[in-house]
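Student: I am sharing protein12.tsv, which consists of TSV, C-alpha atoms:
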```tsv
chain	number	residue	atom	x	y	z
K	14	MET	CA	0.00	0.00	0.00
K	15	ASN	CA	1.56	3.24	-1.11
K	16	HIS	CA	1.27	6.70	0.44
K	17	ASP	CA	-1.75	7.70	-1.63
K	18	ASP	CA	-3.58	4.54	-0.70
K	19	GLU	CA	-2.87	5.14	2.96
K	20	GLN	CA	-4.23	8.66	2.68
K	21	LEU	CA	-7.32	7.35	0.98
K	22	SER	CA	-7.82	4.78	3.67
K	23	ARG	CA	-7.38	7.43	6.34
K	24	LEU	CA	-9.93	9.59	4.66
K	25	TYR	CA	-12.33	6.68	4.36
K	26	SER	CA	-11.95	5.84	8.03
K	27	LYS	CA	-12.95	9.39	8.87
K	28	LEU	CA	-16.26	8.93	7.12
K	29	THR	CA	-19.25	8.95	9.41
K	30	LYS	CA	-20.01	5.40	10.34
K	31	ALA	CA	-23.56	4.39	9.70
K	32	GLU	CA	-25.20	2.19	12.32
K	33	PRO	CA	-27.99	-0.31	12.10
K	34	SER	CA	-31.18	0.65	13.86
K	35	GLN	CA	-31.70	-0.51	17.45
K	36	MET	CA	-34.71	-2.49	16.34
K	37	VAL	CA	-32.50	-4.53	14.05
K	38	ASP	CA	-29.99	-5.03	16.87
K	39	ALA	CA	-32.77	-6.24	19.17
K	40	ARG	CA	-34.13	-8.64	16.54
K	41	ILE	CA	-30.74	-10.12	15.93
K	42	HIS	CA	-30.11	-10.60	19.65
K	43	ARG	CA	-33.49	-12.25	20.09
K	44	ALA	CA	-32.84	-14.53	17.15
K	45	ALA	CA	-29.45	-15.48	18.55
K	46	GLN	CA	-30.93	-16.30	21.97
K	47	LYS	CA	-33.76	-18.27	20.43
K	48	ALA	CA	-31.38	-20.27	18.28
K	49	GLY	CA	-29.13	-20.88	21.30
K	50	ASN	CA	-32.07	-22.08	23.39
K	51	ALA	CA	-33.31	-24.30	20.59
K	52	GLU	CA	-29.85	-25.75	20.20
K	53	ARG	CA	-29.54	-26.32	23.93
K	54	LYS	CA	-32.94	-27.96	23.92
K	55	LYS	CA	-31.91	-30.13	21.00
K	56	PHE	CA	-28.66	-30.95	22.77
K	57	PHE	CA	-30.52	-31.83	25.97
K	58	THR	CA	-33.13	-33.85	24.10
K	59	ARG	CA	-30.44	-35.71	22.20
K	60	TRP	CA	-28.60	-36.71	25.35
K	61	VAL	CA	-31.80	-37.59	27.17
K	62	SER	CA	-32.82	-39.84	24.30
K	63	VAL	CA	-29.36	-41.40	24.19
K	64	ALA	CA	-29.52	-42.00	27.93
K	65	ALA	CA	-33.02	-43.46	27.63
K	66	VAL	CA	-31.92	-45.81	24.89
K	67	LEU	CA	-28.93	-46.87	26.96
K	68	VAL	CA	-31.05	-47.50	30.04
K	69	LEU	CA	-33.56	-49.49	28.00
K	70	SER	CA	-30.82	-51.50	26.35
K	71	VAL	CA	-29.20	-52.30	29.69
K	72	GLY	CA	-32.60	-53.25	31.06
K	73	VAL	CA	-33.29	-55.56	28.15
K	74	VAL	CA	-29.86	-57.13	28.42
K	75	LEU	CA	-30.22	-57.65	32.17
K	76	ARG	CA	-33.63	-59.15	31.69
K	77	VAL	CA	-32.37	-61.48	29.01
K	78	VAL	CA	-29.45	-62.49	31.22
K	79	GLU	CA	-31.80	-63.10	34.16
K	80	GLU	CA	-34.29	-65.07	32.15
K	81	THR	CA	-31.86	-67.22	30.24
K	82	PRO	CA	-31.09	-69.69	33.10
K	83	VAL	CA	-34.76	-69.93	33.99
K	84	LYS	CA	-35.63	-70.60	30.41
K	85	GLN	CA	-32.84	-73.13	30.20
K	86	ASP	CA	-34.08	-74.85	33.36
K	87	LEU	CA	-37.62	-74.83	32.05
K	88	HIS	CA	-36.43	-76.12	28.74
K	89	ASP	CA	-34.50	-78.90	30.45
K	90	GLN	CA	-37.47	-79.76	32.62
K	91	ILE	CA	-39.79	-79.78	29.67
K	92	MET	CA	-37.39	-81.83	27.66
K	93	SER	CA	-36.91	-84.37	30.43
K	94	SER	CA	-40.63	-84.60	31.12
K	95	GLU	CA	-41.33	-84.84	27.42
K	96	SER	CA	-38.77	-87.54	26.97
K	97	LYS	CA	-40.29	-89.42	29.89
K	98	GLN	CA	-43.73	-89.01	28.42
K	99	LEU	CA	-42.43	-90.10	25.08
K	100	GLU	CA	-40.90	-93.17	26.61
K	101	GLN	CA	-44.12	-93.94	28.39
K	102	LEU	CA	-46.09	-93.34	25.24
K	103	GLU	CA	-43.79	-95.53	23.26
K	104	GLU	CA	-44.10	-98.30	25.78
K	105	ALA	CA	-47.81	-97.77	26.03
K	106	GLY	CA	-48.04	-97.63	22.28
K	107	LYS	CA	-46.26	-100.91	21.98
K	108	ALA	CA	-48.50	-102.40	24.58
K	109	SER	CA	-51.70	-101.05	23.11
K	110	GLU	CA	-50.62	-101.94	19.63
K	111	SER	CA	-50.13	-105.50	20.59
K	112	GLU	CA	-53.36	-105.31	22.57
K	113	ALA	CA	-55.27	-103.72	19.75
K	114	PHE	CA	-54.05	-106.27	17.33
K	115	GLU	CA	-54.41	-109.19	19.59
K	116	MET	CA	-57.50	-108.44	21.63
K	117	PRO	CA	-60.10	-108.87	18.94
K	118	THR	CA	-58.53	-111.95	17.51
K	119	ARG	CA	-58.24	-113.43	20.90
K	120	GLU	CA	-61.39	-112.19	22.54
K	121	MET	CA	-63.88	-112.29	19.79
K	122	PRO	CA	-63.44	-115.83	18.83
K	123	THR	CA	-63.30	-116.67	22.48
K	124	SER	CA	-66.53	-114.91	23.23
K	125	GLU	CA	-68.07	-116.38	20.18
K	126	MET	CA	-66.98	-119.74	21.28
K	127	ARG	CA	-68.47	-119.04	24.63
K	128	THR	CA	-71.66	-117.66	23.18
K	129	ASN	CA	-71.89	-120.54	20.82
K	130	GLN	CA	-71.46	-122.97	23.61
K	131	MET	CA	-73.79	-121.38	26.14
K	132	PRO	CA	-77.13	-119.59	25.88
K	133	ALA	CA	-77.25	-115.83	25.73
K	134	ASN	CA	-78.63	-115.40	29.20
K	135	GLN	CA	-75.70	-117.31	30.58
K	136	ILE	CA	-73.13	-115.03	29.08
K	137	PRO	CA	-71.19	-113.54	31.94
K	138	LYS	CA	-71.90	-109.90	32.63
K	139	GLU	CA	-68.26	-109.07	32.35
K	140	SER	CA	-68.06	-110.09	28.76
K	141	GLN	CA	-71.40	-108.43	27.99
K	142	SER	CA	-70.50	-105.10	29.39
K	143	GLU	CA	-66.95	-104.95	28.18
K	144	PRO	CA	-66.65	-103.37	24.76
K	145	VAL	CA	-64.40	-104.95	22.30
K	146	MET	CA	-61.05	-103.23	22.27
K	147	LEU	CA	-60.59	-101.92	18.79
K	148	ARG	CA	-59.05	-98.55	19.37
K	149	LYS	CA	-55.58	-98.11	20.64
K	150	LYS	CA	-55.64	-97.45	24.28
K	151	VAL	CA	-52.81	-96.10	26.27
K	152	ALA	CA	-51.83	-98.67	28.81
K	153	PRO	CA	-49.19	-98.28	31.42
K	154	ALA	CA	-45.91	-99.85	30.56
K	155	ALA	CA	-46.21	-102.27	33.41
K	156	ALA	CA	-49.57	-103.42	32.18
K	157	ALA	CA	-48.29	-104.90	28.96
K	158	PRO	CA	-50.44	-107.87	28.18
K	159	ASN	CA	-49.12	-111.33	28.68
K	160	PRO	CA	-49.23	-113.45	25.61
K	161	ILE	CA	-52.48	-115.32	25.54
K	162	PRO	CA	-52.71	-118.39	23.47
K	163	ASN	CA	-55.05	-117.99	20.56
K	164	PRO	CA	-57.98	-120.23	21.25
K	165	ILE	CA	-58.95	-120.57	17.61
K	166	TRP	CA	-55.89	-122.44	16.71
K	167	GLN	CA	-54.43	-125.37	18.45
K	168	GLU	CA	-50.98	-124.85	19.82
K	169	ASP	CA	-49.41	-127.10	17.23
K	170	GLU	CA	-51.35	-125.36	14.43
K	171	LEU	CA	-50.23	-121.90	15.37
K	172	PRO	CA	-48.72	-120.16	12.42
K	173	ASP	CA	-45.50	-118.33	12.61
K	174	LYS	CA	-45.84	-115.04	14.51
K	175	ASP	CA	-44.68	-113.01	11.55
K	176	VAL	CA	-47.20	-114.69	9.34
K	177	MET	CA	-49.89	-113.92	11.88
K	178	LYS	CA	-48.98	-110.29	11.93
K	179	GLU	CA	-49.11	-110.11	8.18
K	180	GLU	CA	-52.47	-111.79	8.11
K	181	ARG	CA	-53.94	-109.42	10.65
K	182	VAL	CA	-55.37	-106.18	9.47
K	183	LYS	CA	-54.85	-103.15	11.54
K	184	PRO	CA	-58.15	-101.57	12.54
K	185	ASP	CA	-56.78	-98.13	11.89
K	186	MET	CA	-56.04	-98.99	8.34
K	187	LEU	CA	-59.45	-100.43	7.60
K	188	GLY	CA	-60.88	-99.50	4.28
K	189	SER	CA	-64.27	-100.29	2.85
K	190	SER	CA	-62.74	-102.92	0.61
K	191	ASN	CA	-61.52	-105.08	3.45
K	192	PHE	CA	-64.31	-104.33	5.89
K	193	SER	CA	-66.06	-107.63	5.39
K	194	THR	CA	-62.80	-109.50	5.86
K	195	VAL	CA	-62.15	-107.90	9.21
K	196	ALA	CA	-65.73	-108.12	10.33
K	197	ASP	CA	-65.81	-111.71	9.35
K	198	ALA	CA	-62.58	-112.49	11.13
K	199	TRP	CA	-63.26	-110.46	14.28
K	200	CYS	CA	-66.99	-110.63	14.65
K	201	GLY	CA	-67.39	-114.19	13.38
K	202	GLN	CA	-69.85	-113.41	10.61
K	203	ASP	CA	-68.41	-115.64	7.93
K	204	ASP	CA	-71.66	-115.93	6.03
K	205	LEU	CA	-71.37	-112.25	5.13
K	206	ALA	CA	-67.80	-112.58	3.94
K	207	GLY	CA	-67.11	-110.35	0.98
K	208	VAL	CA	-70.08	-108.08	1.68
K	209	ASN	CA	-68.87	-104.54	1.97
K	210	GLU	CA	-72.25	-102.84	1.94
K	211	ARG	CA	-73.72	-101.41	5.07
K	212	GLN	CA	-77.26	-102.71	5.02
K	213	PRO	CA	-76.56	-106.46	5.21
K	214	TRP	CA	-74.39	-105.85	8.24
K	215	ILE	CA	-77.07	-103.74	9.88
K	216	ASP	CA	-79.57	-106.49	9.28
K	217	ARG	CA	-77.15	-108.96	10.77
K	218	MET	CA	-76.78	-106.71	13.79
K	219	GLU	CA	-80.55	-106.69	14.28
K	220	GLN	CA	-80.56	-110.45	14.15
K	221	LEU	CA	-77.74	-110.66	16.63
K	222	LYS	CA	-79.51	-108.20	18.90
K	223	GLN	CA	-82.54	-110.39	18.91
K	224	LEU	CA	-80.29	-113.30	19.71
K	225	GLN	CA	-78.77	-111.11	22.40
K	226	LYS	CA	-75.30	-111.62	21.04
K	227	ILE	CA	-74.23	-108.29	22.39
K	228	GLU	CA	-70.51	-108.66	21.87
K	229	GLN	CA	-70.91	-109.48	18.24
K	230	VAL	CA	-73.37	-106.64	17.83
K	231	ARG	CA	-70.94	-104.20	19.35
K	232	CYS	CA	-68.12	-105.60	17.33
K	233	ILE	CA	-69.98	-105.06	14.09
K	234	GLU	CA	-71.31	-101.72	15.27
K	235	GLN	CA	-67.88	-100.39	16.07
K	236	LEU	CA	-66.44	-101.68	12.86
K	237	LEU	CA	-69.29	-100.08	10.94
K	238	ASN	CA	-68.95	-96.76	12.72
K	239	ARG	CA	-65.28	-96.70	12.23
K	240	ASN	CA	-65.27	-97.88	8.70
K	241	LEU	CA	-68.17	-95.77	7.50
K	242	ALA	CA	-66.77	-92.72	9.10
K	243	GLN	CA	-63.72	-92.95	6.90
W	21	MET	CA	-5.02	-14.36	17.74
W	22	LYS	CA	-8.14	-12.65	16.54
W	23	ASP	CA	-9.19	-15.73	14.61
W	24	PHE	CA	-8.75	-17.82	17.67
W	25	GLU	CA	-10.81	-15.40	19.67
W	26	ASP	CA	-13.56	-15.39	17.08
W	27	ASN	CA	-13.62	-19.17	17.00
W	28	GLN	CA	-13.57	-19.28	20.76
W	29	LEU	CA	-16.57	-16.98	20.93
W	30	ILE	CA	-18.40	-19.13	18.42
W	31	GLU	CA	-17.66	-22.25	20.43
W	32	GLN	CA	-18.87	-20.56	23.59
W	33	TYR	CA	-22.05	-19.45	21.86
W	34	CYS	CA	-22.65	-22.95	20.54
W	35	ALA	CA	-22.11	-24.25	24.06
W	36	GLY	CA	-24.91	-21.98	25.27
W	37	ASN	CA	-23.20	-18.69	26.12
W	38	ASP	CA	-25.31	-15.93	24.58
W	39	HIS	CA	-22.85	-13.24	25.72
W	40	ALA	CA	-20.25	-14.73	23.41
W	41	PHE	CA	-22.50	-13.95	20.49
W	42	ASP	CA	-23.03	-10.42	21.76
W	43	GLN	CA	-19.28	-9.88	21.76
W	44	LEU	CA	-18.95	-11.28	18.28
W	45	TYR	CA	-21.80	-9.12	17.06
W	46	GLN	CA	-20.41	-5.97	18.58
W	47	ARG	CA	-17.03	-6.67	17.04
W	48	TYR	CA	-18.33	-6.89	13.46
W	49	ARG	CA	-21.57	-4.97	13.62
W	50	LEU	CA	-20.29	-1.70	12.17
W	51	PRO	CA	-17.94	-3.06	9.50
W	52	VAL	CA	-20.63	-5.30	8.09
W	53	PHE	CA	-23.32	-2.66	8.23
W	54	ASN	CA	-21.12	-0.04	6.60
W	55	TYR	CA	-20.04	-2.45	3.92
W	56	ILE	CA	-23.72	-2.87	3.07
W	57	PHE	CA	-24.74	0.71	3.61
W	58	ARG	CA	-21.97	2.17	1.41
W	59	GLN	CA	-23.38	0.19	-1.47
W	60	VAL	CA	-27.14	0.39	-1.08
W	61	LYS	CA	-27.21	4.02	0.13
W	62	SER	CA	-30.43	3.46	2.05
W	63	GLN	CA	-30.69	2.96	5.81
W	64	ASN	CA	-33.84	0.86	5.55
W	65	VAL	CA	-32.51	-1.38	2.83
W	66	ALA	CA	-29.20	-1.66	4.64
W	67	ASP	CA	-31.07	-2.58	7.85
W	68	ASP	CA	-32.99	-5.32	6.07
W	69	ILE	CA	-29.94	-6.77	4.41
W	70	PHE	CA	-27.88	-6.48	7.58
W	71	GLN	CA	-30.53	-8.27	9.63
W	72	ASP	CA	-30.81	-10.97	7.03
W	73	VAL	CA	-27.05	-11.44	7.01
W	74	TRP	CA	-26.88	-11.95	10.76
W	75	LEU	CA	-29.88	-14.27	10.77
W	76	ARG	CA	-28.06	-16.39	8.21
W	77	VAL	CA	-24.97	-16.26	10.37
W	78	ILE	CA	-26.90	-17.38	13.45
W	79	LYS	CA	-28.52	-20.19	11.51
W	80	SER	CA	-25.20	-21.39	10.16
W	81	LEU	CA	-23.05	-20.92	13.25
W	82	GLN	CA	-23.79	-24.39	14.61
W	83	ALA	CA	-22.41	-25.89	11.44
W	84	TYR	CA	-19.55	-23.41	11.12
W	85	ASN	CA	-16.20	-25.09	10.63
W	86	HIS	CA	-13.50	-23.33	12.52
W	87	GLN	CA	-10.84	-23.85	9.90
W	88	GLY	CA	-11.52	-20.66	7.92
W	89	GLN	CA	-11.45	-17.10	9.11
W	90	PHE	CA	-14.77	-16.05	10.59
W	91	LEU	CA	-14.48	-12.51	9.21
W	92	ALA	CA	-14.05	-13.73	5.64
W	93	TRP	CA	-16.99	-16.10	6.13
W	94	LEU	CA	-19.11	-13.26	7.51
W	95	PHE	CA	-18.32	-10.94	4.63
W	96	THR	CA	-18.94	-13.73	2.14
W	97	ILE	CA	-22.46	-14.05	3.52
W	98	ALA	CA	-22.90	-10.29	3.40
W	99	ARG	CA	-21.64	-10.08	-0.17
W	100	ASN	CA	-23.87	-12.96	-1.30
W	101	ARG	CA	-26.84	-11.26	0.30
W	102	LEU	CA	-25.97	-8.03	-1.48
W	103	THR	CA	-25.72	-9.90	-4.77
W	104	ASP	CA	-29.20	-11.31	-4.13
W	105	HIS	CA	-30.40	-7.79	-3.43
W	106	TRP	CA	-29.06	-6.47	-6.71
W	107	ARG	CA	-30.63	-9.36	-8.58
W	108	GLN	CA	-34.00	-8.57	-7.06
W	109	GLN	CA	-33.74	-4.93	-8.04
W	110	LYS	CA	-34.92	-3.59	-11.36
W	111	PRO	CA	-32.05	-3.15	-13.85
W	112	GLN	CA	-32.11	0.65	-13.58
W	113	ASP	CA	-31.74	0.39	-9.80
W	114	ALA	CA	-28.63	-1.73	-10.02
W	115	PRO	CA	-25.56	0.09	-8.79
W	116	GLY	CA	-23.86	2.11	-11.45
W	117	SER	CA	-26.07	0.81	-14.17
W	118	SER	CA	-27.32	4.25	-15.12
W	119	ILE	CA	-23.79	5.36	-15.90
W	120	ASP	CA	-22.66	4.08	-19.23
W	121	ILE	CA	-20.24	6.75	-20.27
W	122	ASP	CA	-16.54	6.87	-19.65
W	123	ASP	CA	-15.53	6.70	-15.97
W	124	GLU	CA	-13.41	9.81	-16.11
W	125	GLN	CA	-16.20	11.73	-17.75
W	126	ILE	CA	-18.60	10.53	-15.06
W	127	ALA	CA	-16.19	11.49	-12.36
W	128	ASP	CA	-15.77	14.93	-13.82
W	129	THR	CA	-19.48	15.41	-14.31
W	130	VAL	CA	-20.48	14.10	-10.93
W	131	LEU	CA	-17.75	15.97	-9.24
W	132	ALA	CA	-18.70	19.12	-11.06
W	133	GLU	CA	-22.28	18.67	-9.91
W	134	HIS	CA	-21.49	17.45	-6.42
W	135	VAL	CA	-18.63	19.70	-5.54
W	136	GLN	CA	-20.98	22.61	-5.62
W	137	PHE	CA	-23.04	20.99	-2.91
W	138	LEU	CA	-20.55	18.98	-0.97
W	139	LYS	CA	-18.63	20.89	1.63
W	140	ASP	CA	-15.76	18.61	2.49
W	141	CYS	CA	-13.73	15.81	1.04
W	142	MET	CA	-15.51	13.08	2.89
W	143	GLU	CA	-18.72	13.93	1.24
W	144	ARG	CA	-16.84	13.98	-2.03
W	145	LEU	CA	-15.49	10.54	-1.24
W	146	LEU	CA	-18.96	9.27	-0.58
W	147	ALA	CA	-20.13	10.67	-3.88
W	148	LEU	CA	-17.18	9.15	-5.66
W	149	LEU	CA	-17.90	5.81	-4.16
W	150	GLN	CA	-21.33	5.87	-5.72
W	151	ILE	CA	-20.00	6.39	-9.20
W	152	LEU	CA	-17.47	3.60	-9.01
W	153	LYS	CA	-18.24	0.42	-10.87
W	154	PRO	CA	-20.05	-1.95	-8.49
W	155	GLU	CA	-17.30	-4.55	-8.43
W	156	GLN	CA	-14.65	-1.86	-7.87
W	157	ARG	CA	-16.67	-0.28	-5.09
W	158	ASP	CA	-17.31	-3.67	-3.58
W	159	ALA	CA	-13.64	-4.53	-3.55
W	160	PHE	CA	-12.67	-1.13	-2.14
W	161	VAL	CA	-15.31	-1.06	0.62
W	162	LEU	CA	-14.64	-4.66	1.48
W	163	GLN	CA	-10.97	-3.93	1.89
W	164	GLN	CA	-11.59	-0.80	3.93
W	165	GLU	CA	-14.27	-2.27	6.19
W	166	SER	CA	-12.95	-5.77	6.76
W	167	GLY	CA	-9.22	-5.30	6.54
W	168	LEU	CA	-8.97	-8.61	4.73
W	169	SER	CA	-5.95	-9.39	2.59
W	170	LEU	CA	-6.07	-9.53	-1.19
W	171	GLU	CA	-6.29	-13.33	-1.11
W	172	GLU	CA	-9.15	-13.24	1.37
W	173	ILE	CA	-11.03	-10.60	-0.58
W	174	ALA	CA	-10.55	-12.72	-3.69
W	175	GLN	CA	-11.94	-15.69	-1.78
W	176	VAL	CA	-14.91	-13.70	-0.50
W	177	SER	CA	-15.57	-12.26	-3.96
W	178	ASN	CA	-15.18	-15.67	-5.56
W	179	CYS	CA	-12.60	-14.49	-8.08
W	180	GLY	CA	-8.85	-14.41	-8.57
W	181	ARG	CA	-6.37	-12.40	-6.58
W	182	GLU	CA	-5.20	-10.50	-9.67
W	183	THR	CA	-8.76	-9.56	-10.54
W	184	ILE	CA	-9.26	-8.06	-7.11
W	185	LYS	CA	-5.93	-6.32	-7.30
W	186	SER	CA	-6.93	-4.80	-10.65
W	187	ARG	CA	-10.34	-3.71	-9.36
W	188	LEU	CA	-8.77	-2.10	-6.34
W	189	ARG	CA	-6.19	-0.28	-8.47
W	190	TYR	CA	-8.88	1.14	-10.73
W	191	ALA	CA	-11.00	2.17	-7.75
W	192	MET	CA	-8.08	3.88	-6.01
W	193	ASN	CA	-7.08	5.76	-9.14
W	194	LYS	CA	-10.59	7.09	-9.65
W	195	LEU	CA	-10.98	8.11	-6.06
W	196	ARG	CA	-7.59	9.80	-5.99
W	197	LYS	CA	-8.46	11.75	-9.08
W	198	GLY	CA	-11.76	12.82	-7.60
W	199	LEU	CA	-10.20	13.67	-4.28
W	200	GLU	CA	-7.41	15.90	-5.55
W	201	GLY	CA	-6.91	18.71	-3.16
W	202	CYS	CA	-8.09	16.66	-0.21
W	203	ASP	CA	-4.64	15.38	0.70
W	204	GLU	CA	-4.51	17.45	3.85
W	205	SER	CA	-7.96	16.48	5.01
```
Could the structure of this file be written out as structure tokens, please?
Tutor:
Amino acid sequence: MNHDDEQLSRLYSKLTKAEPSQMVDARIHRAAQKAGNAERKKFFTRWVSVAAVLVLSVGVVLRVVEETPVKQDLHDQIMSSESKQLEQLEEAGKASESEAFEMPTREMPTSEMRTNQMPANQIPKESQSEPVMLRKKVAPAAAAPNPIPNPIWQEDELPDKDVMKEERVKPDMLGSSNFSTVADAWCGQDDLAGVNERQPWIDRMEQLKQLQKIEQVRCIEQLLNRNLAQ
Amino acid sequence: MKDFEDNQLIEQYCAGNDHAFDQLYQRYRLPVFNYIFRQVKSQNVADDIFQDVWLRVIKSLQAYNHQGQFLAWLFTIARNRLTDHWRQQKPQDAPGSSIDIDDEQIADTVLAEHVQFLKDCMERLLALLQILKPEQRDAFVLQQESGLSLEEIAQVSNCGRETIKSRLRYAMNKLRKGLEGCDES
């Protein structure tokens, strides 16, 4: 800056300085305070929200940590009880399966034999009142049935066990096509063998009712209900 | 040192100290207002622009990066606001737009007209300022009011250092010519 420039600057600095109006000063101060307050509020809100999130997170973590052993215990308990139940069910299932398969073949012919041999009024009440066991029933493991010799066959005529199993038809898997076979085998109605229609069996039931052959009636009735429901 | 103080005041204001802003405002209130006023020539218009400049400053202070010089940043905002003002004006109201003839002729004419009415050199200077080309006046007033260096003025004006230097040289020459005889003032 040379001498002339300095003189010019000096002259300029001597110029009367204009000033903004007081109203403008006041507005600017107010705006500055307002902005500062808003910023402080934002700052405060931000930290409060951060703190809240932290507290919530810690709470959640603590809760998860507290609940995890309980859940694990519960899970273990449930698992152990379930495994026990499963074992029981398996055992019971085995028992009932063998029962379900064996009971009709054992009992029905037996009862029929009995009913054939003795008059209806002499049939023991036990056998009259007891329904034929067709459905699987859950039996305690200890109550697994002892093998009962099949009275239909003589001991020396007994077929191989595997063959017997193959020949038997599971009640659960009964279809209309093999209904007469099962009914014939279990309820002793061989004269209706091959009849898969409902009406002849109902007629037979009426006849049996009149003859008071209750077990056979129930046997056919249950087979009909089960089979026709499918 | 001054930069540091400015930045310190800004930090204090951002931390919630309103007095820090007051200090900052008092420090640059007159330079900024006079920079505006010397160009718009109207107190009301200067008030409006000045208020708008500081509102922009307040709004932007929270995001202000302390790497640059606050003064240059402040005058950049003021200059941008002035540019907006000139854009909003009708073409005939734009500074210096009514003067199309040679600068020396203008100076002579204006001086001849104004000298009759102006009593001292300062008034003559004010009159001369009004007949300068807008960019020359802007550069001159900016330099006088802010005390920024050529590089900083170039940065504020968004142009090269040599351009500013040239504008300032032209402005000084015209003013010196118009202010002949005022050396002792």
Student: Ranking W:Asp67, W:Glu171, W:Asp72, W:Asp104 by minimum distance to chain K and counting only C-alpha atoms, which one comes first?
Tutor: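 Counting only C-alpha atoms, the residue closest to chain K is W:Asp67.
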Student: Mind listing as a ChimeraX atom specification which residues of chain K are within 8 Å of chain W, counting only C-alpha atoms?
Tutor: /K:17-18,20-22,24-28,30-34,37-38,40-42,44-46,48-50,52-53
Student: With C-alpha atoms kept, could you save the residues just selected as a compact mmCIF listing (two decimals), keeping the file's coordinate frame?
Tutor:
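Heads up, here's the output in result_22.txt:
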```
# COMPACT_ATOMS: atom_id res chain seq x y z
CA ASP K 17 -1.75 7.70 -1.63
CA ASP K 18 -3.58 4.54 -0.70
CA GLN K 20 -4.23 8.66 2.68
CA LEU K 21 -7.32 7.35 0.98
CA SER K 22 -7.82 4.78 3.67
CA LEU K 24 -9.93 9.59 4.66
CA TYR K 25 -12.33 6.68 4.36
CA SER K 26 -11.95 5.84 8.03
CA LYS K 27 -12.95 9.39 8.87
CA LEU K 28 -16.26 8.93 7.12
CA LYS K 30 -20.01 5.40 10.34
CA ALA K 31 -23.56 4.39 9.70
CA GLU K 32 -25.20 2.19 12.32
CA PRO K 33 -27.99 -0.31 12.10
CA SER K 34 -31.18 0.65 13.86
CA VAL K 37 -32.50 -4.53 14.05
CA ASP K 38 -29.99 -5.03 16.87
CA ARG K 40 -34.13 -8.64 16.54
CA ILE K 41 -30.74 -10.12 15.93
CA HIS K 42 -30.11 -10.60 19.65
CA ALA K 44 -32.84 -14.53 17.15
CA ALA K 45 -29.45 -15.48 18.55
CA GLN K 46 -30.93 -16.30 21.97
CA ALA K 48 -31.38 -20.27 18.28
CA GLY K 49 -29.13 -20.88 21.30
CA ASN K 50 -32.07 -22.08 23.39
CA GLU K 52 -29.85 -25.75 20.20
CA ARG K 53 -29.54 -26.32 23.93
```
Student: Which neighbours of Glu155 of chain W fall inside 10 Å, counting all atoms listed in the file, when residues of the same chain fewer than 4 positions from it are skipped, and could you give them as a CSV table (one decimal) with C-alpha atoms, in the frame of the given file?
Tutor:
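What follows is the written file selection.csv:
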```
chain,number,residue,atom,x,y,z
W,115,PRO,CA,-25.6,0.1,-8.8
W,116,GLY,CA,-23.9,2.1,-11.4
W,159,ALA,CA,-13.6,-4.5,-3.6
W,160,PHE,CA,-12.7,-1.1,-2.1
W,161,VAL,CA,-15.3,-1.1,0.6
W,177,SER,CA,-15.6,-12.3,-4.0
W,184,ILE,CA,-9.3,-8.1,-7.1
W,187,ARG,CA,-10.3,-3.7,-9.4
W,188,LEU,CA,-8.8,-2.1,-6.3
W,191,ALA,CA,-11.0,2.2,-7.8
```
Student: If I take atom CA of Asp158 of chain W and atom CA of Leu91 of chain W, how far is one from the other in Å, to one decimal?
Tutor: 15.8 Å
Student: Around segment 32-48 of chain W, with edges along x, y and z and 5 Å added on all six sides, what centre and edge lengths do you get, in Å to one decimal, as JSON?
Tutor:
```
{"center_x": -21.2, "center_y": -15.1, "center_z": 19.8, "size_x": 18.3, "size_y": 28.3, "size_z": 22.7}
```
Student: Given the choices W:Gly180, W:Arg99, W:Gln32, W:Asn27, which gets closest to Pro154 of chain W if the distance is worked out from only C-alpha atoms?
Tutor: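 Among the listed residues, the smallest separation from Pro154 of chain W belongs to W:Arg99.
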